Amino acid sequence: MPATDFHKGLGRRKSAIATVRLSSSDKSLKVNNKTVEEYFASPVLVETVKQPLALVGQDTKLGANLVVKGGGKRGQAEAARLAIARALINLSEDNKTTLRKAGFLTRDPREKERKKPGLKRARKAAQWKKR
């Protein structure tokens with residue numbers, strides 16, 4: 001049975017979800033059918049997405065096709081970083097310790113707290129008035 005020519009990964013951050021397919025055939029990084037630089041205009045976010053590939057030395061050997069939805073650009077970039085890191089583990093278990101030490105395999109659990117009834121936001125109440 002032939003080995004698959006791609007490796008999948010899924011990442012989440014806040015309300016953003018990213019799925020990735022790593023392949024050695026196409027060496028470009030695409031996000032929603034655009035280049036990474038086109039989609040994430042900020043160089044900081046572009047670097048965030050590329051970090052796991054650069055850390056394990058696969059940035060010139062592998063390409064990634066990402067599909068991101070929901071949330072904002074920062075959340076999408078961090079979800080994409082987690083998805084790529086998880087796909088790199090599917091590629092080779094040897095990458096796990098390197099990625100774990102860099103903190104790329106830890107999912108950030110912080111989510112927006114829901115609004116409570118009788119309050120303006122999740123915790124903000126009306127100002128107390130003595131008189």
# chains A, B, ... in the order shown; residues from 1 in each chain; ligands from 1
$ closest_atom_pairs --of "region 69-92 of chain A" --to "region 4-17 of chain A" --cutoff "7 Å" --atoms "only C-alpha atoms" --output "CSV"
residue,atom,partner,partner_atom,distance
A:Lys69,CA,A:Ile17,CA,5.6
A:Gly70,CA,A:Ala16,CA,4.4
A:Gly71,CA,A:Ala16,CA,4.5
A:Gly75,CA,A:Arg13,CA,5.4
A:Gln76,CA,A:Ala16,CA,5.2
A:Glu78,CA,A:Arg13,CA,6.5
A:Ala79,CA,A:Gly11,CA,4.6
A:Ala80,CA,A:Gly11,CA,6.0
A:Leu82,CA,A:Gly11,CA,4.9
A:Ala83,CA,A:Gly11,CA,4.1
A:Ile84,CA,A:Gly9,CA,6.1
A:Arg86,CA,A:Gly9,CA,5.2
A:Ala87,CA,A:Gly9,CA,4.3
A:Asn90,CA,A:His7,CA,6.3
A:Leu91,CA,A:His7,CA,6.3
$ select_by_dssp --residues "chain A" --states "alpha helix (DSSP H)" --output "ChimeraX atom specification"
/A:36-39,43-55,73-91,95-102
$ write_last_selection --atoms "N, CA and C atoms" --output "short mmCIF file (atom, residue, chain, number, x, y, z; two decimals), in the first residue's frame"
data_model
loop_
_atom_site.label_atom_id
_atom_site.label_comp_id
_atom_site.auth_asym_id
_atom_site.auth_seq_id
_atom_site.Cartn_x
_atom_site.Cartn_y
_atom_site.Cartn_z
N VAL A 36 0.92 33.13 2.14
CA VAL A 36 0.88 33.50 3.56
C VAL A 36 1.05 35.00 3.72
N GLU A 37 1.96 35.58 2.94
CA GLU A 37 2.22 37.01 3.04
C GLU A 37 1.00 37.83 2.60
N GLU A 38 0.26 37.30 1.63
CA GLU A 38 -0.95 37.98 1.15
C GLU A 38 -2.06 37.92 2.19
N TYR A 39 -2.25 36.75 2.79
CA TYR A 39 -3.36 36.57 3.73
C TYR A 39 -3.09 37.26 5.06
N PRO A 43 4.07 40.94 9.18
CA PRO A 43 5.22 40.03 9.18
C PRO A 43 5.31 39.17 10.44
N VAL A 44 4.79 39.69 11.56
CA VAL A 44 4.81 38.93 12.82
C VAL A 44 3.92 37.69 12.69
N LEU A 45 2.75 37.84 12.08
CA LEU A 45 1.83 36.70 11.92
C LEU A 45 2.36 35.70 10.90
N VAL A 46 3.04 36.20 9.85
CA VAL A 46 3.64 35.31 8.85
C VAL A 46 4.72 34.46 9.53
N GLU A 47 5.52 35.10 10.38
CA GLU A 47 6.58 34.38 11.10
C GLU A 47 5.99 33.36 12.06
N THR A 48 4.87 33.70 12.69
CA THR A 48 4.19 32.78 13.61
C THR A 48 3.79 31.50 12.90
N VAL A 49 3.25 31.63 11.69
CA VAL A 49 2.80 30.46 10.93
C VAL A 49 3.99 29.61 10.50
N LYS A 50 5.11 30.24 10.16
CA LYS A 50 6.27 29.50 9.63
C LYS A 50 7.16 28.88 10.72
N GLN A 51 6.98 29.27 11.97
CA GLN A 51 7.86 28.83 13.06
C GLN A 51 8.05 27.32 13.17
N PRO A 52 6.99 26.49 13.19
CA PRO A 52 7.21 25.06 13.37
C PRO A 52 8.02 24.43 12.24
N LEU A 53 7.76 24.84 11.00
CA LEU A 53 8.52 24.29 9.87
C LEU A 53 9.99 24.66 9.96
N ALA A 54 10.27 25.91 10.33
CA ALA A 54 11.65 26.37 10.43
C ALA A 54 12.38 25.67 11.59
N LEU A 55 11.65 25.42 12.67
CA LEU A 55 12.27 24.80 13.85
C LEU A 55 12.77 23.39 13.58
N LYS A 73 -7.33 37.52 12.84
CA LYS A 73 -6.09 37.11 12.17
C LYS A 73 -5.08 36.49 13.15
N ARG A 74 -4.93 37.07 14.34
CA ARG A 74 -3.98 36.54 15.33
C ARG A 74 -4.38 35.13 15.75
N GLY A 75 -5.65 34.92 16.06
CA GLY A 75 -6.13 33.60 16.44
C GLY A 75 -5.96 32.59 15.32
N GLN A 76 -6.20 33.03 14.08
CA GLN A 76 -6.04 32.14 12.93
C GLN A 76 -4.58 31.76 12.76
N ALA A 77 -3.66 32.71 12.95
CA ALA A 77 -2.23 32.43 12.81
C ALA A 77 -1.77 31.44 13.86
N GLU A 78 -2.22 31.60 15.10
CA GLU A 78 -1.81 30.69 16.16
C GLU A 78 -2.46 29.32 16.00
N ALA A 79 -3.68 29.27 15.47
CA ALA A 79 -4.32 27.99 15.16
C ALA A 79 -3.56 27.28 14.04
N ALA A 80 -3.10 28.05 13.06
CA ALA A 80 -2.34 27.49 11.94
C ALA A 80 -1.00 26.92 12.44
N ARG A 81 -0.36 27.64 13.39
CA ARG A 81 0.90 27.16 13.95
C ARG A 81 0.70 25.81 14.65
N LEU A 82 -0.37 25.67 15.42
CA LEU A 82 -0.65 24.41 16.11
C LEU A 82 -0.97 23.30 15.10
N ALA A 83 -1.71 23.63 14.05
CA ALA A 83 -2.06 22.64 13.04
C ALA A 83 -0.82 22.12 12.32
N ILE A 84 0.10 23.02 11.97
CA ILE A 84 1.34 22.62 11.29
C ILE A 84 2.19 21.77 12.23
N ALA A 85 2.26 22.15 13.49
CA ALA A 85 3.04 21.37 14.46
C ALA A 85 2.49 19.96 14.61
N ARG A 86 1.17 19.83 14.65
CA ARG A 86 0.57 18.51 14.78
C ARG A 86 0.77 17.67 13.52
N ALA A 87 0.75 18.32 12.36
CA ALA A 87 1.00 17.60 11.11
C ALA A 87 2.45 17.13 11.03
N LEU A 88 3.37 17.92 11.57
CA LEU A 88 4.78 17.52 11.58
C LEU A 88 5.01 16.30 12.47
N ILE A 89 4.20 16.14 13.51
CA ILE A 89 4.29 14.94 14.35
C ILE A 89 3.78 13.74 13.59
N ASN A 90 2.72 13.92 12.78
CA ASN A 90 2.24 12.83 11.93
C ASN A 90 3.30 12.41 10.93
N LEU A 91 4.09 13.38 10.50
CA LEU A 91 5.18 13.11 9.56
C LEU A 91 6.27 12.27 10.23
N ASN A 95 9.98 14.71 15.76
CA ASN A 95 9.76 16.15 15.88
C ASN A 95 9.04 16.54 17.16
N LYS A 96 8.45 15.55 17.85
CA LYS A 96 7.59 15.85 18.99
C LYS A 96 8.32 16.56 20.13
N THR A 97 9.50 16.07 20.50
CA THR A 97 10.20 16.69 21.62
C THR A 97 10.64 18.12 21.29
N THR A 98 11.10 18.34 20.07
CA THR A 98 11.53 19.67 19.66
C THR A 98 10.37 20.66 19.68
N LEU A 99 9.24 20.25 19.13
CA LEU A 99 8.07 21.12 19.08
C LEU A 99 7.47 21.33 20.46
N ARG A 100 7.52 20.30 21.31
CA ARG A 100 6.99 20.42 22.67
C ARG A 100 7.80 21.42 23.47
N LYS A 101 9.13 21.37 23.35
CA LYS A 101 10.00 22.30 24.09
C LYS A 101 9.77 23.75 23.66
N ALA A 102 9.46 23.95 22.39
CA ALA A 102 9.21 25.30 21.88
C ALA A 102 7.80 25.80 22.25
#
$ atom_distance --atom1 "CA of Leu105 (chain A)" --atom2 "CA of Val20 (chain A)"
14.7 Å
$ select_by_dssp --residues "chain A" --states "strand (DSSP E)" --output "mmCIF file with C-alpha atoms, in the first residue's frame"
data_model
loop_
_atom_site.group_PDB
_atom_site.id
_atom_site.type_symbol
_atom_site.label_atom_id
_atom_site.label_comp_id
_atom_site.auth_asym_id
_atom_site.auth_seq_id
_atom_site.Cartn_x
_atom_site.Cartn_y
_atom_site.Cartn_z
ATOM 1 C CA PHE A 6 0.458 14.494 2.589
ATOM 2 C CA HIS A 7 0.038 14.800 6.359
ATOM 3 C CA LYS A 8 -2.960 16.405 8.057
ATOM 4 C CA GLY A 9 -3.180 18.558 11.161
ATOM 5 C CA LEU A 10 -5.856 20.502 13.018
ATOM 6 C CA GLY A 11 -5.381 23.522 15.261
ATOM 7 C CA ARG A 12 -7.732 25.730 17.260
ATOM 8 C CA ARG A 13 -7.346 29.051 19.075
ATOM 9 C CA ALA A 16 -10.436 30.148 14.953
ATOM 10 C CA ILE A 17 -9.994 26.710 13.368
ATOM 11 C CA ALA A 18 -7.161 25.783 11.010
ATOM 12 C CA THR A 19 -6.667 22.588 9.029
ATOM 13 C CA VAL A 20 -3.449 21.879 7.166
ATOM 14 C CA ARG A 21 -2.164 19.433 4.570
ATOM 15 C CA LEU A 22 1.635 19.194 4.460
ATOM 16 C CA SER A 23 3.092 17.852 1.234
ATOM 17 C CA LEU A 29 2.664 27.969 1.948
ATOM 18 C CA LYS A 30 -0.937 28.784 1.023
ATOM 19 C CA VAL A 31 -3.683 30.047 3.319
ATOM 20 C CA LYS A 34 -3.530 32.883 -1.086
ATOM 21 C CA THR A 35 0.136 33.136 -0.145
ATOM 22 C CA GLY A 63 4.766 23.012 1.645
ATOM 23 C CA ALA A 64 1.514 23.599 3.486
ATOM 24 C CA ASN A 65 -2.013 24.196 2.292
ATOM 25 C CA LEU A 66 -4.006 25.781 5.145
ATOM 26 C CA VAL A 67 -7.721 26.382 5.463
ATOM 27 C CA VAL A 68 -8.575 28.802 8.292
ATOM 28 C CA LYS A 69 -11.946 30.112 9.403
#
$ atom_distance --atom1 "CA of Arg123 (chain A)" --atom2 "CA of Asp108 (chain A)"
21.6 Å
$ atom_distance --atom1 "CA of Val56 (chain A)" --atom2 "CA of Glu93 (chain A)"
11.6 Å
$ residues_around --residues "Lys27 (chain A)" --least-positions-apart "6" --cutoff "7 Å" --atoms "only C-alpha atoms" --output "PyMOL selection string"
chain A and resi 60-63
$ decode --residues "region 44-82 of chain A" --atoms "N, CA and C atoms" --output "PDB file, in the first residue's frame"
ATOM      1  N   VAL A  44       4.791  39.689  11.559  1.00  0.00           N
ATOM      2  CA  VAL A  44       4.805  38.925  12.816  1.00  0.00           C
ATOM      3  C   VAL A  44       3.920  37.689  12.692  1.00  0.00           C
ATOM      4  N   LEU A  45       2.748  37.836  12.076  1.00  0.00           N
ATOM      5  CA  LEU A  45       1.832  36.702  11.919  1.00  0.00           C
ATOM      6  C   LEU A  45       2.362  35.701  10.900  1.00  0.00           C
ATOM      7  N   VAL A  46       3.037  36.204   9.853  1.00  0.00           N
ATOM      8  CA  VAL A  46       3.643  35.307   8.853  1.00  0.00           C
ATOM      9  C   VAL A  46       4.719  34.464   9.526  1.00  0.00           C
ATOM     10  N   GLU A  47       5.523  35.103  10.377  1.00  0.00           N
ATOM     11  CA  GLU A  47       6.584  34.384  11.099  1.00  0.00           C
ATOM     12  C   GLU A  47       5.985  33.359  12.058  1.00  0.00           C
ATOM     13  N   THR A  48       4.868  33.704  12.694  1.00  0.00           N
ATOM     14  CA  THR A  48       4.193  32.778  13.614  1.00  0.00           C
ATOM     15  C   THR A  48       3.788  31.495  12.899  1.00  0.00           C
ATOM     16  N   VAL A  49       3.253  31.634  11.691  1.00  0.00           N
ATOM     17  CA  VAL A  49       2.803  30.462  10.929  1.00  0.00           C
ATOM     18  C   VAL A  49       3.992  29.607  10.501  1.00  0.00           C
ATOM     19  N   LYS A  50       5.107  30.235  10.157  1.00  0.00           N
ATOM     20  CA  LYS A  50       6.267  29.505   9.634  1.00  0.00           C
ATOM     21  C   LYS A  50       7.157  28.884  10.718  1.00  0.00           C
ATOM     22  N   GLN A  51       6.978  29.269  11.974  1.00  0.00           N
ATOM     23  CA  GLN A  51       7.862  28.828  13.062  1.00  0.00           C
ATOM     24  C   GLN A  51       8.048  27.321  13.169  1.00  0.00           C
ATOM     25  N   PRO A  52       6.986  26.495  13.189  1.00  0.00           N
ATOM     26  CA  PRO A  52       7.208  25.056  13.369  1.00  0.00           C
ATOM     27  C   PRO A  52       8.023  24.427  12.239  1.00  0.00           C
ATOM     28  N   LEU A  53       7.764  24.836  11.001  1.00  0.00           N
ATOM     29  CA  LEU A  53       8.516  24.289   9.866  1.00  0.00           C
ATOM     30  C   LEU A  53       9.990  24.660   9.958  1.00  0.00           C
ATOM     31  N   ALA A  54      10.273  25.914  10.326  1.00  0.00           N
ATOM     32  CA  ALA A  54      11.654  26.374  10.434  1.00  0.00           C
ATOM     33  C   ALA A  54      12.381  25.669  11.590  1.00  0.00           C
ATOM     34  N   LEU A  55      11.655  25.418  12.672  1.00  0.00           N
ATOM     35  CA  LEU A  55      12.269  24.802  13.852  1.00  0.00           C
ATOM     36  C   LEU A  55      12.770  23.390  13.576  1.00  0.00           C
ATOM     37  N   VAL A  56      12.007  22.619  12.816  1.00  0.00           N
ATOM     38  CA  VAL A  56      12.420  21.244  12.519  1.00  0.00           C
ATOM     39  C   VAL A  56      13.206  21.148  11.215  1.00  0.00           C
ATOM     40  N   GLY A  57      13.448  22.282  10.554  1.00  0.00           N
ATOM     41  CA  GLY A  57      14.261  22.305   9.342  1.00  0.00           C
ATOM     42  C   GLY A  57      13.558  21.785   8.103  1.00  0.00           C
ATOM     43  N   GLN A  58      12.240  21.865   8.072  1.00  0.00           N
ATOM     44  CA  GLN A  58      11.473  21.371   6.930  1.00  0.00           C
ATOM     45  C   GLN A  58      10.913  22.503   6.070  1.00  0.00           C
ATOM     46  N   ASP A  59      11.312  23.749   6.341  1.00  0.00           N
ATOM     47  CA  ASP A  59      10.711  24.881   5.632  1.00  0.00           C
ATOM     48  C   ASP A  59      11.010  24.894   4.141  1.00  0.00           C
ATOM     49  N   THR A  60      12.133  24.317   3.712  1.00  0.00           N
ATOM     50  CA  THR A  60      12.440  24.276   2.279  1.00  0.00           C
ATOM     51  C   THR A  60      12.004  22.959   1.637  1.00  0.00           C
ATOM     52  N   LYS A  61      11.733  21.930   2.460  1.00  0.00           N
ATOM     53  CA  LYS A  61      11.391  20.614   1.931  1.00  0.00           C
ATOM     54  C   LYS A  61       9.890  20.381   1.816  1.00  0.00           C
ATOM     55  N   LEU A  62       9.093  21.071   2.660  1.00  0.00           N
ATOM     56  CA  LEU A  62       7.656  20.836   2.696  1.00  0.00           C
ATOM     57  C   LEU A  62       6.877  22.108   2.394  1.00  0.00           C
ATOM     58  N   GLY A  63       5.699  21.925   1.846  1.00  0.00           N
ATOM     59  CA  GLY A  63       4.766  23.012   1.645  1.00  0.00           C
ATOM     60  C   GLY A  63       3.500  22.724   2.424  1.00  0.00           C
ATOM     61  N   ALA A  64       2.733  23.772   2.703  1.00  0.00           N
ATOM     62  CA  ALA A  64       1.514  23.599   3.486  1.00  0.00           C
ATOM     63  C   ALA A  64       0.352  24.289   2.794  1.00  0.00           C
ATOM     64  N   ASN A  65      -0.785  23.621   2.799  1.00  0.00           N
ATOM     65  CA  ASN A  65      -2.013  24.196   2.292  1.00  0.00           C
ATOM     66  C   ASN A  65      -2.965  24.308   3.478  1.00  0.00           C
ATOM     67  N   LEU A  66      -3.199  25.533   3.952  1.00  0.00           N
ATOM     68  CA  LEU A  66      -4.006  25.781   5.145  1.00  0.00           C
ATOM     69  C   LEU A  66      -5.396  26.271   4.769  1.00  0.00           C
ATOM     70  N   VAL A  67      -6.370  25.844   5.552  1.00  0.00           N
ATOM     71  CA  VAL A  67      -7.721  26.382   5.463  1.00  0.00           C
ATOM     72  C   VAL A  67      -8.070  26.891   6.855  1.00  0.00           C
ATOM     73  N   VAL A  68      -8.253  28.211   6.988  1.00  0.00           N
ATOM     74  CA  VAL A  68      -8.575  28.802   8.292  1.00  0.00           C
ATOM     75  C   VAL A  68      -9.933  29.476   8.211  1.00  0.00           C
ATOM     76  N   LYS A  69     -10.661  29.419   9.329  1.00  0.00           N
ATOM     77  CA  LYS A  69     -11.946  30.112   9.403  1.00  0.00           C
ATOM     78  C   LYS A  69     -12.232  30.494  10.843  1.00  0.00           C
ATOM     79  N   GLY A  70     -13.027  31.532  11.005  1.00  0.00           N
ATOM     80  CA  GLY A  70     -13.436  31.993  12.324  1.00  0.00           C
ATOM     81  C   GLY A  70     -12.368  32.824  13.002  1.00  0.00           C
ATOM     82  N   GLY A  71     -12.788  33.600  13.978  1.00  0.00           N
ATOM     83  CA  GLY A  71     -11.859  34.382  14.780  1.00  0.00           C
ATOM     84  C   GLY A  71     -11.212  35.525  14.023  1.00  0.00           C
ATOM     85  N   GLY A  72     -10.153  36.058  14.604  1.00  0.00           N
ATOM     86  CA  GLY A  72      -9.395  37.141  13.994  1.00  0.00           C
ATOM     87  C   GLY A  72      -8.104  36.617  13.408  1.00  0.00           C
ATOM     88  N   LYS A  73      -7.326  37.516  12.845  1.00  0.00           N
ATOM     89  CA  LYS A  73      -6.086  37.106  12.173  1.00  0.00           C
ATOM     90  C   LYS A  73      -5.083  36.492  13.152  1.00  0.00           C
ATOM     91  N   ARG A  74      -4.931  37.069  14.342  1.00  0.00           N
ATOM     92  CA  ARG A  74      -3.980  36.536  15.327  1.00  0.00           C
ATOM     93  C   ARG A  74      -4.381  35.126  15.750  1.00  0.00           C
ATOM     94  N   GLY A  75      -5.651  34.921  16.058  1.00  0.00           N
ATOM     95  CA  GLY A  75      -6.132  33.596  16.439  1.00  0.00           C
ATOM     96  C   GLY A  75      -5.964  32.591  15.317  1.00  0.00           C
ATOM     97  N   GLN A  76      -6.201  33.026  14.082  1.00  0.00           N
ATOM     98  CA  GLN A  76      -6.037  32.144  12.934  1.00  0.00           C
ATOM     99  C   GLN A  76      -4.576  31.757  12.759  1.00  0.00           C
ATOM    100  N   ALA A  77      -3.663  32.715  12.953  1.00  0.00           N
ATOM    101  CA  ALA A  77      -2.235  32.433  12.805  1.00  0.00           C
ATOM    102  C   ALA A  77      -1.769  31.436  13.859  1.00  0.00           C
ATOM    103  N   GLU A  78      -2.221  31.605  15.101  1.00  0.00           N
ATOM    104  CA  GLU A  78      -1.812  30.694  16.165  1.00  0.00           C
ATOM    105  C   GLU A  78      -2.458  29.319  15.999  1.00  0.00           C
ATOM    106  N   ALA A  79      -3.676  29.272  15.472  1.00  0.00           N
ATOM    107  CA  ALA A  79      -4.320  27.988  15.164  1.00  0.00           C
ATOM    108  C   ALA A  79      -3.565  27.278  14.039  1.00  0.00           C
ATOM    109  N   ALA A  80      -3.103  28.054  13.056  1.00  0.00           N
ATOM    110  CA  ALA A  80      -2.336  27.487  11.941  1.00  0.00           C
ATOM    111  C   ALA A  80      -1.002  26.924  12.438  1.00  0.00           C
ATOM    112  N   ARG A  81      -0.363  27.635  13.387  1.00  0.00           N
ATOM    113  CA  ARG A  81       0.902  27.156  13.953  1.00  0.00           C
ATOM    114  C   ARG A  81       0.705  25.810  14.651  1.00  0.00           C
ATOM    115  N   LEU A  82      -0.370  25.673  15.421  1.00  0.00           N
ATOM    116  CA  LEU A  82      -0.653  24.409  16.107  1.00  0.00           C
ATOM    117  C   LEU A  82      -0.968  23.303  15.105  1.00  0.00           C
TER     118      LEU A  82
END
